[in-house]
file data.cif (mmCIF, C-alpha atoms)
data_input
loop_
_atom_site.label_atom_id
_atom_site.label_comp_id
_atom_site.auth_asym_id
_atom_site.auth_seq_id
_atom_site.Cartn_x
_atom_site.Cartn_y
_atom_site.Cartn_z
CA MET A 180 -25.02 0.09 19.98
CA ARG A 181 -24.43 3.01 22.33
CA TYR A 182 -25.92 5.39 19.77
CA LEU A 183 -29.06 3.29 19.58
CA LEU A 184 -29.36 3.32 23.36
CA LEU A 185 -28.88 7.06 23.33
CA ILE A 186 -31.71 7.54 20.83
CA ILE A 187 -34.06 5.31 22.79
CA SER A 188 -33.25 6.83 26.17
CA LEU A 189 -33.56 10.35 24.84
CA PHE A 190 -36.89 9.62 23.29
CA LEU A 191 -38.39 7.87 26.33
CA PHE A 192 -36.98 10.31 28.84
CA SER A 193 -38.16 13.38 27.03
CA HIS A 194 -41.55 11.92 26.21
CA HIS A 195 -42.49 10.83 29.72
CA SER A 196 -41.09 13.61 31.81
CA ILE A 197 -41.73 16.68 29.75
CA ALA A 198 -44.48 16.11 27.30
CA GLN A 199 -47.05 15.69 30.06
CA LYS A 200 -46.34 19.11 31.50
CA VAL A 201 -46.56 21.10 28.33
CA GLY A 202 -48.89 18.86 26.40
CA ASP A 203 -52.24 20.17 27.64
CA SER A 204 -51.96 23.59 26.14
CA LEU A 205 -50.38 22.43 22.91
CA ASN A 206 -52.26 19.33 22.00
CA THR A 207 -54.95 21.20 20.24
CA LYS A 208 -53.13 23.75 18.15
CA LEU A 209 -49.78 25.46 18.40
CA ASN A 210 -49.80 29.14 19.04
CA TYR A 211 -46.27 30.23 18.19
CA SER A 212 -46.68 33.66 19.65
CA GLU A 213 -47.09 32.05 23.08
CA ILE A 214 -44.09 29.74 22.79
CA LYS A 215 -40.98 31.11 24.45
CA GLN A 216 -38.71 28.07 24.34
CA GLN A 217 -38.50 25.01 22.14
CA PHE A 218 -36.52 21.81 22.36
CA HIS A 219 -35.94 19.64 19.33
CA PHE A 220 -34.38 16.20 19.37
CA LYS A 221 -33.37 14.98 15.94
CA ALA A 222 -32.17 11.67 14.58
CA GLY A 223 -31.43 10.99 10.95
CA PHE A 224 -29.35 9.46 8.24
CA GLN A 225 -26.82 11.43 6.27
CA THR A 226 -24.83 11.18 3.07
CA ASP A 227 -21.54 12.99 2.57
CA PHE A 228 -20.79 13.96 -1.01
CA THR A 229 -17.07 14.54 -1.14
CA LEU A 230 -15.76 17.46 -3.15
CA GLY A 231 -12.18 18.16 -4.12
CA GLU A 232 -9.20 15.83 -4.39
CA SER A 233 -7.91 15.71 -0.83
CA TYR A 234 -7.49 12.82 1.55
CA ILE A 235 -11.03 11.66 2.39
CA SER A 236 -12.34 13.06 -0.89
CA SER A 237 -10.45 10.26 -2.60
CA ALA A 238 -12.89 7.75 -1.08
CA ASP A 239 -16.09 6.44 -2.62
CA SER A 240 -18.78 9.07 -2.64
CA PRO A 241 -21.38 9.43 -1.24
CA ALA A 242 -20.54 8.08 2.20
CA LEU A 243 -23.34 6.99 4.47
CA GLY A 244 -23.83 7.78 8.14
CA PHE A 245 -26.20 8.93 10.82
CA ASN A 246 -26.61 11.87 13.16
CA LEU A 247 -28.21 12.78 16.46
CA GLN A 248 -28.76 16.29 17.70
CA ALA A 249 -30.62 18.44 20.16
CA ASP A 250 -31.59 22.05 19.53
CA TRP A 251 -32.69 24.46 22.21
CA GLN A 252 -34.48 27.56 21.07
CA PHE A 253 -33.55 29.62 24.07
CA TYR A 254 -34.18 33.20 23.05
CA LYS A 255 -36.67 34.41 20.46
CA SER A 256 -35.74 32.43 17.35
CA PHE A 257 -32.15 31.67 18.26
CA GLN A 258 -31.24 28.02 18.70
CA LEU A 259 -28.34 26.40 20.46
CA GLY A 260 -27.55 22.98 19.06
CA VAL A 261 -25.40 20.06 20.15
CA GLY A 262 -25.08 16.64 18.63
CA MET A 263 -22.96 14.05 16.97
CA PHE A 264 -22.64 12.35 13.61
CA ASN A 265 -20.83 9.39 12.22
CA SER A 266 -20.03 8.51 8.63
CA SER A 267 -17.87 5.89 7.03
CA HIS A 268 -15.69 6.69 4.03
CA LYS A 269 -14.54 3.57 2.21
CA ASN A 270 -12.06 2.69 -0.53
CA LEU A 271 -9.71 5.61 -0.23
CA ASP A 272 -7.26 6.09 -3.10
CA SER A 273 -4.01 4.49 -1.93
CA GLU A 274 -1.96 7.06 -3.86
CA VAL A 275 -3.43 9.68 -1.56
CA SER A 276 -4.11 7.78 1.64
CA GLY A 277 -1.27 5.26 1.65
CA LEU A 278 -2.15 2.19 3.68
CA VAL A 279 -5.38 3.69 5.03
CA GLU A 280 -8.28 2.21 3.11
CA GLN A 281 -11.21 3.32 5.26
CA THR A 282 -11.93 6.27 7.52
CA ASN A 283 -14.69 6.47 10.05
CA LEU A 284 -15.48 10.10 10.66
CA ARG A 285 -17.10 10.80 14.03
CA GLY A 286 -17.97 14.33 14.99
CA THR A 287 -19.47 16.05 18.01
CA PHE A 288 -20.67 19.53 17.40
CA ILE A 289 -22.04 22.64 18.96
CA GLY A 290 -23.63 25.43 17.00
CA ILE A 291 -26.12 28.18 16.73
CA GLY A 292 -29.09 28.57 14.44
CA TYR A 293 -32.04 30.82 13.75
CA LEU A 294 -35.52 29.38 13.32
CA ILE A 295 -37.74 30.92 10.68
CA GLN A 296 -41.31 29.68 10.85
CA LEU A 297 -42.60 29.85 7.27
CA ASN A 298 -46.15 28.75 8.09
CA GLU A 299 -47.94 26.35 10.43
CA VAL A 300 -46.06 23.33 9.18
CA TRP A 301 -42.93 24.48 7.36
CA ALA A 302 -39.87 25.99 9.01
CA ILE A 303 -36.30 26.67 7.97
CA SER A 304 -33.34 27.05 10.26
CA PRO A 305 -30.00 28.27 8.93
CA HIS A 306 -27.14 27.34 11.22
CA ILE A 307 -23.40 27.40 11.75
CA ARG A 308 -21.57 24.79 13.79
CA TYR A 309 -18.17 23.74 14.99
CA ALA A 310 -17.40 20.02 15.22
CA ASP A 311 -14.60 18.18 16.92
CA ILE A 312 -13.70 15.25 14.66
CA LYS A 313 -12.16 11.88 15.41
CA LEU A 314 -10.92 10.00 12.35
CA LYS A 315 -10.72 6.29 12.98
CA GLN A 316 -8.29 5.11 10.31
CA GLN A 317 -8.33 1.51 9.21
CA THR A 318 -5.37 0.24 7.20
CA ASN A 319 -5.22 -2.65 4.76
CA TYR A 320 -2.26 -4.06 6.71
CA GLN A 321 -3.59 -6.64 9.19
CA SER A 322 -6.58 -4.31 9.73
CA LYS A 323 -4.49 -2.17 12.06
CA GLU A 324 -6.29 0.96 13.22
CA PHE A 325 -5.36 4.29 14.69
CA GLU A 326 -7.15 7.53 15.50
CA GLU A 327 -6.49 11.07 14.33
CA ASN A 328 -8.09 14.44 14.98
CA ALA A 329 -9.62 17.12 12.84
CA ASP A 330 -11.91 20.13 13.12
CA MET A 331 -14.95 20.96 11.06
CA ILE A 332 -16.96 24.06 10.29
CA ILE A 333 -20.52 23.39 9.18
CA ILE A 334 -22.73 25.92 7.46
CA GLY A 335 -26.19 24.87 6.38
CA ALA A 336 -29.89 24.96 6.81
CA SER A 337 -32.49 22.62 8.20
CA ILE A 338 -35.89 22.46 6.56
CA SER A 339 -38.61 20.85 8.65
CA TYR A 340 -42.17 19.78 8.04
CA GLN A 341 -44.39 19.39 11.10
CA PHE A 342 -46.69 16.35 11.19
CA ASN A 343 -48.20 17.22 14.55
CA ASN A 344 -47.32 19.13 17.69
CA SER A 345 -44.42 16.85 18.53
CA LEU A 346 -43.23 15.13 15.42
CA SER A 347 -41.61 16.61 12.31
CA SER A 348 -39.45 15.43 9.50
CA PHE A 349 -36.38 17.37 8.49
CA ILE A 350 -33.84 17.69 5.71
CA ASP A 351 -30.51 19.29 6.44
CA ILE A 352 -28.34 20.65 3.64
CA GLU A 353 -24.86 21.54 4.79
CA SER A 354 -21.49 22.58 3.47
CA ARG A 355 -18.83 21.03 5.68
CA GLN A 356 -15.21 22.11 5.68
CA LEU A 357 -12.88 19.64 7.39
CA TYR A 358 -9.51 20.84 8.69
CA TYR A 359 -7.10 17.97 9.34
CA GLU A 360 -4.77 18.08 12.31
CA ILE A 361 -2.29 15.95 10.37
CA ASP A 362 1.28 17.09 9.92
CA SER A 363 2.49 15.94 6.56
CA SER A 364 5.57 16.35 4.42
CA PRO A 365 5.70 19.41 2.14
CA GLN A 366 5.15 17.28 -0.98
CA ILE A 367 1.74 16.04 0.19
CA GLN A 368 0.67 18.96 2.35
CA GLU A 369 -2.24 19.89 0.09
CA LEU A 370 -3.76 16.43 0.49
CA TYR A 371 -3.78 16.65 4.28
CA ASP A 372 -4.79 20.27 4.71
CA LYS A 373 -8.55 20.36 4.40
CA ASP A 374 -11.49 18.64 2.77
CA HIS A 375 -14.93 19.69 1.68
CA PHE A 376 -18.23 17.86 1.81
CA LEU A 377 -21.79 18.54 0.80
CA THR A 378 -23.91 16.71 3.34
CA LEU A 379 -27.58 15.86 3.12
CA SER A 380 -29.42 14.56 6.18
CA ILE A 381 -32.94 13.29 6.49
CA GLY A 382 -34.71 12.20 9.63
CA LEU A 383 -37.30 12.83 12.31
CA ARG A 384 -37.55 15.56 14.89
CA TYR A 385 -39.32 15.36 18.23
CA SER A 386 -40.26 18.74 19.69
CA LEU A 387 -41.18 20.11 23.08
CA PHE A 388 -42.55 23.58 23.72
CA SER A 389 -42.72 25.90 26.68
CA LYS A 390 -44.53 29.14 27.32
CA ASN A 391 -42.00 30.11 29.98
CA SER A 392 -39.29 32.46 28.92
CA LEU A 393 -35.73 31.90 30.01
CA PHE A 394 -35.05 35.62 30.17
CA MET B 190 -39.45 22.86 31.66
CA LYS B 191 -36.52 22.27 33.93
CA LYS B 192 -36.61 18.67 32.90
CA ALA B 193 -36.43 19.63 29.24
CA ALA B 194 -33.39 21.74 29.98
CA PHE B 195 -31.92 18.83 31.87
CA CYS B 196 -32.53 16.65 28.83
CA PHE B 197 -30.66 19.12 26.65
CA ILE B 198 -27.74 19.17 29.07
CA PHE B 199 -27.83 15.38 29.15
CA VAL B 200 -27.34 15.33 25.37
CA LEU B 201 -24.53 17.85 25.74
CA ILE B 202 -22.76 15.64 28.30
CA ILE B 203 -23.19 12.55 26.14
CA CYS B 204 -21.70 14.38 23.16
CA THR B 205 -18.80 15.59 25.29
CA LEU B 206 -18.12 12.06 26.48
CA ILE B 207 -18.19 10.76 22.91
CA SER B 208 -15.87 13.54 21.86
CA CYS B 209 -13.40 12.76 24.65
CA SER B 210 -13.47 8.99 24.21
CA THR B 211 -10.38 7.51 22.57
CA GLY B 212 -11.83 4.38 21.05
CA ASN B 213 -10.74 1.79 23.61
CA SER B 214 -12.28 -0.99 21.58
CA SER B 215 -9.68 -0.63 18.84
CA PRO B 216 -6.32 -2.40 19.04
CA ALA B 217 -3.36 -0.50 20.38
CA ALA B 218 -2.15 1.94 17.78
CA VAL B 219 1.21 1.06 16.29
CA TYR B 220 1.22 3.93 13.85
CA SER B 221 2.06 7.40 15.00
CA PRO B 222 -1.10 9.51 14.56
CA GLN B 223 -1.11 12.92 12.89
CA ASN B 224 2.03 12.18 10.83
CA ARG B 225 2.66 11.40 7.16
CA ALA B 226 5.88 11.24 5.19
CA TYR B 227 6.50 10.98 1.46
CA VAL B 228 9.15 8.79 -0.10
CA GLN B 229 10.34 8.33 -3.66
CA GLY B 230 13.08 6.35 -5.33
CA ASN B 231 14.21 4.50 -8.41
CA ILE B 232 15.19 0.87 -8.89
CA ILE B 233 17.10 -0.66 -11.81
CA ASN B 234 18.40 -4.16 -12.36
CA THR B 235 21.98 -5.26 -12.89
CA SER B 236 21.60 -4.71 -16.64
CA GLY B 237 20.77 -1.07 -16.01
CA GLN B 238 17.16 -1.56 -17.05
CA PRO B 239 14.34 -0.09 -14.94
CA LEU B 240 12.38 -2.50 -12.82
CA ILE B 241 8.88 -2.11 -14.24
CA ASN B 242 5.54 -2.74 -12.56
CA LYS B 243 6.92 -4.29 -9.41
CA GLU B 244 5.19 -3.98 -6.05
CA ILE B 245 7.29 -2.20 -3.45
CA GLU B 246 6.94 -2.38 0.32
CA ILE B 247 8.22 0.35 2.61
CA LEU B 248 8.78 -0.64 6.23
CA ALA B 249 10.11 1.06 9.35
CA VAL B 250 13.72 0.36 10.26
CA GLN B 251 12.97 0.46 13.96
CA ASN B 252 10.26 -2.24 14.08
CA ASN B 253 9.77 -3.62 10.53
CA LEU B 254 6.20 -2.28 10.48
CA LEU B 255 4.73 -1.86 7.01
CA LEU B 256 4.31 1.89 6.39
CA GLY B 257 3.34 2.02 2.75
CA THR B 258 3.33 0.36 -0.63
CA SER B 259 3.91 1.43 -4.20
CA ILE B 260 4.39 0.10 -7.73
CA THR B 261 7.31 0.98 -9.96
CA ASP B 262 6.50 2.77 -13.20
CA ASN B 263 8.09 2.36 -16.64
CA ASN B 264 11.19 4.17 -15.44
CA GLY B 265 11.57 2.04 -12.31
CA ALA B 266 10.45 5.00 -10.21
CA PHE B 267 8.18 4.65 -7.20
CA ASP B 268 6.67 7.00 -4.68
CA ALA B 269 4.34 6.62 -1.73
CA VAL B 270 2.56 8.42 1.05
CA VAL B 271 3.71 6.54 4.13
CA LEU B 272 2.55 6.34 7.71
CA GLU B 273 4.96 6.82 10.56
CA THR B 274 5.63 4.79 13.68
CA GLY B 275 7.42 5.33 16.98
CA LEU B 276 11.07 6.30 16.81
CA SER B 277 14.00 4.47 18.32
CA VAL B 278 15.66 6.23 21.19
CA PHE B 279 19.21 7.35 20.57
CA ASP B 280 21.65 5.07 22.35
CA PRO B 281 24.79 6.97 23.52
CA PHE B 282 26.75 3.73 24.05
CA PRO B 283 25.56 1.47 21.30
CA GLY B 284 26.78 -2.08 21.08
CA ASN B 285 25.70 -1.84 17.48
CA PHE B 286 26.50 1.48 15.85
CA ARG B 287 23.15 1.38 14.08
CA SER B 288 21.05 1.31 17.24
CA GLY B 289 19.01 4.46 17.45
CA ASP B 290 18.68 4.73 13.70
CA ASN B 291 15.24 5.41 12.26
CA GLY B 292 14.18 5.30 8.66
CA PHE B 293 12.82 3.08 5.95
CA ILE B 294 13.38 -0.37 4.52
CA VAL B 295 12.55 -0.68 0.82
CA ARG B 296 11.99 -4.13 -0.56
CA LEU B 297 10.14 -5.87 -3.35
CA LYS B 298 7.04 -7.87 -2.53
CA ASP B 299 8.32 -10.52 -4.95
CA THR B 300 10.23 -12.79 -2.57
CA SER B 301 12.56 -14.01 -5.30
CA TYR B 302 14.34 -10.72 -4.69
CA ARG B 303 16.22 -11.17 -1.43
CA HIS B 304 17.95 -7.84 -1.82
CA PHE B 305 16.53 -4.95 0.19
CA PHE B 306 17.62 -1.45 1.03
CA VAL B 307 17.76 0.37 4.32
CA PHE B 308 17.66 4.16 4.32
CA ALA B 309 18.35 5.16 7.90
CA PHE B 310 18.90 8.56 9.41
CA ALA B 311 20.75 9.43 12.58
CA ASP B 312 18.59 12.50 13.08
CA TYR B 313 15.26 11.37 11.70
CA GLN B 314 12.38 13.84 11.65
CA TYR B 315 8.69 13.12 11.18
CA ASN B 316 6.73 14.42 8.20
CA GLN B 317 9.54 14.90 5.72
CA ASP B 318 10.02 14.22 2.01
CA TYR B 319 12.62 11.56 1.35
CA SER B 320 14.20 11.06 -2.04
CA PHE B 321 16.27 7.89 -2.03
CA PRO B 322 19.27 7.43 -4.33
CA GLU B 323 18.85 5.14 -7.35
CA VAL B 324 19.61 1.56 -6.37
CA ILE B 325 20.58 -1.54 -8.33
CA ILE B 326 18.71 -4.63 -7.24
CA THR B 327 20.02 -8.14 -7.65
CA GLN B 328 18.09 -11.37 -7.92
CA GLY B 329 18.81 -14.93 -7.00
CA VAL B 330 17.71 -18.39 -7.96
CA PRO B 331 18.06 -21.78 -6.23
CA VAL B 332 20.64 -23.87 -8.05
CA THR B 333 20.39 -27.64 -8.37
CA VAL B 334 23.18 -29.98 -9.43
CA ASN B 335 22.34 -33.57 -10.35
CA PHE B 336 24.94 -36.31 -10.39
CA THR B 337 24.44 -39.20 -12.81
CA ASP B 338 26.46 -42.35 -12.34
CA GLN B 339 26.80 -43.67 -15.89
CA ASN B 340 28.44 -47.06 -15.29
CA SER B 341 28.00 -47.61 -11.56
CA THR B 342 31.70 -48.20 -11.06
CA ASN B 343 33.11 -44.73 -10.37
CA LEU B 344 33.27 -43.43 -6.82
CA LEU B 345 32.00 -39.91 -6.36
CA GLU B 346 32.97 -38.28 -3.09
CA ASN B 347 33.82 -35.05 -1.34
CA VAL B 348 31.41 -32.92 -3.38
CA ARG B 349 31.48 -29.24 -2.49
CA LEU B 350 29.54 -26.37 -4.00
CA PHE B 351 30.54 -22.72 -3.65
CA TYR B 352 28.26 -19.89 -4.66
CA THR B 353 27.38 -16.26 -3.98
CA ASN B 354 24.30 -15.81 -1.79
CA SER B 355 21.76 -13.45 -3.36
CA GLU B 356 20.65 -12.12 0.04
CA CYS B 357 21.73 -8.57 0.60
CA MET B 358 20.90 -5.80 3.04
CA GLU B 359 22.25 -2.60 1.56
CA TYR B 360 22.46 -0.11 4.40
CA TYR B 361 22.50 3.61 3.75
CA ARG B 362 22.90 5.93 6.70
CA ASP B 363 22.25 9.55 5.88
CA TYR B 364 22.51 8.55 2.19
CA GLU B 365 26.00 7.10 2.68
CA ASN B 366 26.40 3.43 1.86
CA ARG B 367 27.52 1.69 5.05
CA THR B 368 26.83 -1.89 4.11
CA ARG B 369 29.06 -4.36 5.93
CA PRO B 370 30.79 -7.10 3.93
CA ASN B 371 28.91 -9.82 5.77
CA GLU B 372 25.53 -8.25 4.99
CA CYS B 373 25.53 -8.50 1.22
CA HIS B 374 26.22 -11.34 -1.22
CA GLN B 375 28.24 -13.55 1.07
CA GLU B 376 30.15 -16.51 -0.33
CA PHE B 377 28.63 -19.79 0.74
CA GLY B 378 29.82 -23.37 0.53
CA GLN B 379 28.04 -26.61 1.19
CA PHE B 380 28.70 -30.36 1.01
CA LYS B 381 26.59 -32.97 -0.71
CA GLU B 382 25.07 -35.53 1.57
CA ASP B 383 26.18 -39.10 1.02
CA GLY B 384 23.75 -41.36 -0.77
CA ILE B 385 21.86 -38.56 -2.48
CA ASN B 386 22.65 -37.81 -6.10
CA THR B 387 21.40 -34.27 -6.12
CA MET B 388 22.12 -31.11 -4.21
CA THR B 389 20.34 -27.76 -4.09
CA THR B 390 21.79 -24.59 -2.67
CA ASN B 391 20.54 -23.71 0.80
CA HIS B 392 20.16 -20.09 -0.32
CA ASP B 393 19.39 -18.54 -3.67
CA ALA B 394 22.53 -18.07 -5.72
CA LEU B 395 23.15 -14.64 -7.16
CA ILE B 396 22.22 -14.44 -10.85
CA ASP B 397 25.03 -13.62 -13.30
CA THR B 398 27.65 -15.13 -11.01
CA GLN B 399 29.43 -18.45 -11.26
CA ILE B 400 29.04 -21.41 -8.99
CA ARG B 401 32.10 -23.55 -8.38
CA LEU B 402 31.71 -27.28 -7.99
CA LEU B 403 34.55 -29.37 -6.55
CA TYR B 404 34.36 -33.15 -6.39
CA GLU B 405 36.52 -36.26 -6.49
CA ILE B 406 36.00 -39.20 -8.80
CA ASP B 407 38.02 -42.23 -7.87
CA GLY B 408 40.28 -39.93 -5.86
CA ASN B 409 40.87 -37.44 -8.66
CA GLU B 410 39.75 -33.93 -7.74
CA GLN B 411 37.86 -32.04 -10.42
CA GLU B 412 36.45 -28.54 -10.65
CA GLN B 413 33.64 -27.13 -12.76
CA LEU B 414 32.25 -23.62 -13.08
CA PHE B 415 28.69 -22.79 -14.09
CA LEU B 416 27.23 -19.41 -14.91
CA ILE B 417 23.92 -18.81 -13.15
CA ASN B 418 21.01 -17.06 -14.80
CA GLN B 419 17.25 -17.12 -14.59
CA GLU B 420 16.82 -19.82 -17.21
CA ASN B 421 19.86 -21.86 -16.32
CA ALA B 422 19.96 -23.04 -12.73
CA VAL B 423 19.88 -26.83 -13.04
CA PHE B 424 23.07 -28.66 -14.00
CA THR B 425 24.00 -32.28 -14.44
CA ILE B 426 27.35 -33.93 -13.77
CA ASN B 427 27.89 -37.24 -15.49
CA TYR B 428 30.59 -39.44 -14.07
#
call {"tool": "encode", "arguments": {"input": "data.cif", "output": "C-alpha cells"}}
result
Amino acid sequence: MRYLLLIISLFLFSHHSIAQKVGDSLNTKLNYSEIKQQFHFKAGFQTDFTLGESYISSADSPALGFNLQADWQFYKSFQLGVGMFNSSHKNLDSEVSGLVEQTNLRGTFIGIGYLIQLNEVWAISPHIRYADIKLKQQTNYQSKEFEENADMIIIGASISYQFNNSLSSFIDIESRQLYYEIDSSPQIQELYDKDHFLTLSIGLRYSLFSKNSLF
Amino acid sequence: MKKAAFCFIFVLIICTLISCSTGNSSPAAVYSPQNRAYVQGNIINTSGQPLINKEIEILAVQNNLLLGTSITDNNGAFDAVVLETGLSVFDPFPGNFRSGDNGFIVRLKDTSYRHFFVFAFADYQYNQDYSFPEVIITQGVPVTVNFTDQNSTNLLENVRLFYTNSECMEYYRDYENRTRPNECHQEFGQFKEDGINTMTTNHDALIDTQIRLLYEIDGNEQEQLFLINQENAVFTINY
C-alpha cells in the first residue's frame, strides 16, 4: 500500500509543481541541445530470472515484482539514480533453503548512468548501481518470518521510447549479483555466498526538463 | 527547477526510510538471522537395518523450536540445512547440569517413535557443520490384555502389568552419551481397574521386550510373560 501511495504522490507532486514551470518551452518540441537537466520518475514491473544453483536460485523462476526509481541527469549525460524494487521468490528448494519456503527481496538502490539519445524518441542508458537488500524470509513452520541482509551490484541498460515530452516507456535489462550477508557452515557456504539474476523490467517513465544548468 | 530537485531528494529520503525499516509488521523473529548450520546423521533400527524414507525433525535444545527437516535415505542417512535460534546463557551454578546447553534434538515425525536424541554442546558455536554419531532408534506399541471369564465362577483380582516404556530421551553432550537411567526405557507397572475386563498400557511398550502380567485367580497368584512386537500387542487371558 505504501508503494502505491508513493507512486501516486510522486506523480501528482511532480506534475503540478514542476511541469507548469518548464512546460511552456517544451510542449511543442524538445530541443535536447537546450536541456541542461532532466528528471525521470519510473515505475514498472520486473521479472527476475534466477541463474545458478544458490539459495534464492533454487526458487521458482521467473519471480515477479515491481520497481520505482528516480533519475536525475545532473551533468551533461550523466544520471544519478535512486529507487527501490521488490520481488517475491517462491517455492525454494528445501534441500538448499531448509525451512524457508519463500523470500521477499526488497532493495533500495543508488547508482549512476549515462544517457545516450539515439534519436528523437529512442534513448539508451547504461547504468551501474548498488542496492541494499532486505530478505524477508518466510518459513513453512507456522509461517514464522525473519529478516536478513544482503548487498547487490546491478549492471544494465535502460532502453526508453518517448511518447511525448513527458511520458515514455522503458525496458531495463540488468545483470544482478546478490551477495548474502549470511554466515553459514563450511559445508553449505557456496549456497549462501552469492546469487545471480537476469532481471527484465518494463514500465512507464515521466520526465521533466530544465534549461538551467546545475554547474 | 528547485522543486524538481526537491522531488528527487524526496524520493531519496523515501528510499532511505524503506531501506532502514525493519519490517515491524512481521511477527517477532524467533530465528537468529544471518546464520545457518548443517547437520547430518544416520539412524538404524534395533535389527541393525537402516531406517528408510522417514521424515526427521531437527529442533533446538534451548527452546524446542523447529530448525529443519529431512528424510532418511536408503542407508538411513539424513542431512539438513538448519536455521539457528537464540542461545542459552551459560549458568555457572546450574541446578540442572544441562542448563546452558545448546544444540539439536533429532526426532522422527512419526509419533509412534517416542525415542528422540539430543545432541548438546557445552560450547556451541553458530554456523558449524555437525555430524552426529549413528543412533539406534527403538519403537513402541500400546499393549492390550483382555480377560475372559469362561465360567463366571472364578475370581480374578490383583491384576498387575509390568512393561518397559518405549519413551526415551538419549542425551549426548559433546558426543558423549550422558543419558540418565530415568530418561530412557523406564520400567512401568499398572493395576487393572475393578469391573473392567481389559487393560491397556498407559504408555507404549518397547517392542522386542517382554511384558509381565501378574494376577490372582481364586487367591492363587499366576504370572505370564508376553513378547511384544509390532504385530503382536493384544493378548487374551482366559480364566
call {"tool": "closest_residue", "arguments": {"input": "data.cif", "among": "B:Ser221, B:Gln317, B:Thr425, B:Ser236", "to": "chain A", "atoms": "only C-alpha atoms"}}
result
B:Gln317
call {"tool": "resolve_selection", "arguments": {"input": "data.cif", "expression": "the PyMOL selection byres ((chain B and resi 244) around 12)", "output": "list in words"}}
result
Ile232, Leu240, Ile241, Asn242, Lys243, Ile245, Glu246, Ile247, Gly257, Thr258, Ser259, Ile260, Thr261, Asp262, Gly265, Ala266, Phe267, Asp268, Ala269, Val295, Arg296, Leu297, Lys298, Asp299, Thr300 and Tyr302 of chain B
call {"tool": "resolve_selection", "arguments": {"input": "data.cif", "expression": "the PyMOL selection byres ((chain A) within 7 of (chain B))", "output": "list in words"}}
result
Ser193, Ser196, Ile197, Ala249, Val261, Gly262, Met263, Glu274, Val275, Ser276, Gly277, Leu278, Thr287, Asp311, Glu324, Phe325, Glu326, Glu327, Glu360, Ile361, Asp362, Ser363, Ser364, Pro365, Gln366 and Ser389 of chain A
call {"tool": "resolve_selection", "arguments": {"input": "data.cif", "expression": "the PyMOL selection byres ((chain A and resi 375) around 9)", "output": "PyMOL selection string"}}
result
chain A and resi 228-231+233+235-236+354-358+373-374+376-377
call {"tool": "write_last_selection", "arguments": {"input": "data.cif", "atoms": "C-alpha atoms", "output": "compact mmCIF listing (two decimals), in the coordinates of the input"}}
result
# COMPACT_ATOMS: atom_id res chain seq x y z
CA PHE A 228 -20.79 13.96 -1.01
CA THR A 229 -17.07 14.54 -1.14
CA LEU A 230 -15.76 17.46 -3.15
CA GLY A 231 -12.18 18.16 -4.12
CA SER A 233 -7.91 15.71 -0.83
CA ILE A 235 -11.03 11.66 2.39
CA SER A 236 -12.34 13.06 -0.89
CA SER A 354 -21.49 22.58 3.47
CA ARG A 355 -18.83 21.03 5.68
CA GLN A 356 -15.21 22.11 5.68
CA LEU A 357 -12.88 19.64 7.39
CA TYR A 358 -9.51 20.84 8.69
CA LYS A 373 -8.55 20.36 4.40
CA ASP A 374 -11.49 18.64 2.77
CA PHE A 376 -18.23 17.86 1.81
CA LEU A 377 -21.79 18.54 0.80
call {"tool": "residues_around", "arguments": {"input": "data.cif", "residues": "Tyr352 (chain B)", "least_positions_apart": "4", "cutoff": "8 Å", "atoms": "only C-alpha atoms", "output": "JSON list (two decimals) with C-alpha atoms, keeping the file's coordinate frame"}}
result
[["chain", "number", "residue", "atom", "x", "y", "z"],
["B", 376, "GLU", "CA", 30.15, -16.51, -0.33],
["B", 377, "PHE", "CA", 28.63, -19.79, 0.74],
["B", 378, "GLY", "CA", 29.82, -23.37, 0.53],
["B", 394, "ALA", "CA", 22.53, -18.07, -5.72],
["B", 395, "LEU", "CA", 23.15, -14.64, -7.16],
["B", 398, "THR", "CA", 27.65, -15.13, -11.01],
["B", 399, "GLN", "CA", 29.43, -18.45, -11.26],
["B", 400, "ILE", "CA", 29.04, -21.41, -8.99],
["B", 401, "ARG", "CA", 32.10, -23.55, -8.38]]
call {"tool": "atom_distance", "arguments": {"input": "data.cif", "atom1": "CA of Ile294 (chain B)", "atom2": "CA of Asn319 (chain A)"}}
result
18.7 Å
call {"tool": "residues_around", "arguments": {"input": "data.cif", "residues": "Ser355 (chain B)", "least_positions_apart": "6", "cutoff": "7 Å", "atoms": "all atoms listed in the file", "output": "NGL selection string"}}
result
:B and (303-304 or 328-329 or 374 or 393-395)
call {"tool": "atom_distance", "arguments": {"input": "data.cif", "atom1": "CA of Phe288 (chain A)", "atom2": "CA of Phe224 (chain A)"}}
result
16.1 Å
call {"tool": "residues_around", "arguments": {"input": "data.cif", "residues": "Val348 (chain B)", "least_positions_apart": "5", "cutoff": "8 Å", "atoms": "all atoms listed in the file", "output": "list in words"}}
result
Phe380, Lys381, Leu402, Leu403, Tyr404 and Glu405 of chain B
call {"tool": "closest_residue", "arguments": {"input": "data.cif", "among": "B:Gln251, B:Ser301, B:Ser288, B:Asn371", "to": "Ile326 (chain B)", "atoms": "only C-alpha atoms"}}
result
B:Ser301
call {"tool": "closest_residue", "arguments": {"input": "data.cif", "among": "B:Tyr361, B:Ile406, B:Asn366, B:Leu345", "to": "Glu382 (chain B)", "atoms": "all atoms listed in the file"}}
result
B:Leu345
call {"tool": "residues_around", "arguments": {"input": "data.cif", "residues": "Glu420 (chain B)", "least_positions_apart": "4", "cutoff": "12 Å", "atoms": "all atoms listed in the file", "output": "list in words"}}
result
Gly329, Val330, Pro331, Val332, Ile396, Asp397, Leu416 and Phe424 of chain B
call {"tool": "closest_residue", "arguments": {"input": "data.cif", "among": "A:Leu284, A:Val300, A:Ala336, A:Leu271", "to": "Asn246 (chain A)", "atoms": "all atoms listed in the file"}}
result
A:Leu284
call {"tool": "residues_near_point", "arguments": {"input": "data.cif", "point": "(-10.5, 1.5, -4.2)", "cutoff": "8 Å", "atoms": "all atoms listed in the file", "output": "MDAnalysis selection string"}}
result
chainID A and resid 238:239 269:273 280
call {"tool": "atom_distance", "arguments": {"input": "data.cif", "atom1": "CA of Thr368 (chain B)", "atom2": "CA of Asn264 (chain B)"}}
result
25.8 Å
call {"tool": "residues_around", "arguments": {"input": "data.cif", "residues": "Leu294 (chain A)", "least_positions_apart": "6", "cutoff": "8 Å", "atoms": "only C-alpha atoms", "output": "list in words"}}
result
Ser256, Phe257, Gln258, Ala302, Ile303, Ser304 and Pro305 of chain A
